[in-house]
Amino acid sequence: MPFDRISINANICHGQACVKGTRIPVHQIVRMLANGDTVDELLAEYPSLSCEDIMACLDYAAELAEEQVTPIQAASL
């Protein structure tokens, strides 16, 4: 699934996923929302962000949470 608003570059923020064109890591946006910040507060805090950028961060995090992981113990059975 392509993420047009998310970029990963080894030379920016140590290769962490960021909002494209910024140095704002996706995890920072998701964590702020999880801690009770509102979208409006984030937009005021980061004027370079759009609502679509914030939604893209959530979509990216959801995609990562959907990743299937096979525990080593189960794989060896």
# chains A, B, ... in the order shown; residues from 1 in each chain; ligands from 1
>>> residues_around(residues="stretch 8-10 of chain A", least_positions_apart="3", cutoff="10 Å", atoms="only C-alpha atoms", output="JSON, numbers by chain")
{"A": [13, 14, 15, 16, 17, 18, 19, 20, 25]}
>>> residues_around(residues="A:Leu43", least_positions_apart="2", cutoff="12 Å", atoms="only C-alpha atoms", output="list in words")
Ile29, Met32, Leu33, Asp37, Thr38, Val39, Asp40, Glu41, Glu45, Tyr46, Pro47, Ser48, Leu49, Ser50, Cys51, Glu52, Asp53, Ile54 and Met55 of chain A
>>> write_last_selection(atoms="C-alpha atoms", output="mmCIF file, in the first residue's frame")
data_model
loop_
_atom_site.group_PDB
_atom_site.id
_atom_site.type_symbol
_atom_site.label_atom_id
_atom_site.label_comp_id
_atom_site.auth_asym_id
_atom_site.auth_seq_id
_atom_site.Cartn_x
_atom_site.Cartn_y
_atom_site.Cartn_z
ATOM 1 C CA ILE A 29 1.908 12.328 15.835
ATOM 2 C CA MET A 32 0.341 12.771 20.773
ATOM 3 C CA LEU A 33 -3.117 11.668 19.617
ATOM 4 C CA ASP A 37 -4.120 15.822 21.851
ATOM 5 C CA THR A 38 -6.739 16.671 19.256
ATOM 6 C CA VAL A 39 -6.217 17.021 15.528
ATOM 7 C CA ASP A 40 -6.875 20.757 15.880
ATOM 8 C CA GLU A 41 -4.186 21.030 18.579
ATOM 9 C CA GLU A 45 1.352 23.006 17.046
ATOM 10 C CA TYR A 46 2.655 22.011 13.603
ATOM 11 C CA PRO A 47 1.444 24.547 11.016
ATOM 12 C CA SER A 48 3.204 22.643 8.219
ATOM 13 C CA LEU A 49 0.875 19.654 8.760
ATOM 14 C CA SER A 50 -2.519 19.154 7.196
ATOM 15 C CA CYS A 51 -5.395 17.063 8.454
ATOM 16 C CA GLU A 52 -4.614 14.624 5.639
ATOM 17 C CA ASP A 53 -1.040 14.253 6.957
ATOM 18 C CA ILE A 54 -2.340 13.321 10.393
ATOM 19 C CA MET A 55 -4.783 10.795 8.925
#
>>> select_by_dssp(residues="chain A", states="strand (DSSP E)", output="list in words")
Ile6, Ser7, Cys18 and Val19 of chain A
>>> atom_distance(atom1="atom CA of A:Gln73", atom2="atom CA of A:Tyr60")
28.4 Å
>>> select_by_dssp(residues="chain A", states="alpha helix (DSSP H)", output="VMD selection string")
chain A and resid 26 to 34 39 to 45 51 to 65 72 to 75
>>> atom_distance(atom1="atom CA of A:Ile12", atom2="atom CA of A:Val69")
27.4 Å
>>> atom_distance(atom1="atom CA of A:Cys57", atom2="atom CA of A:Arg5")
8.2 Å
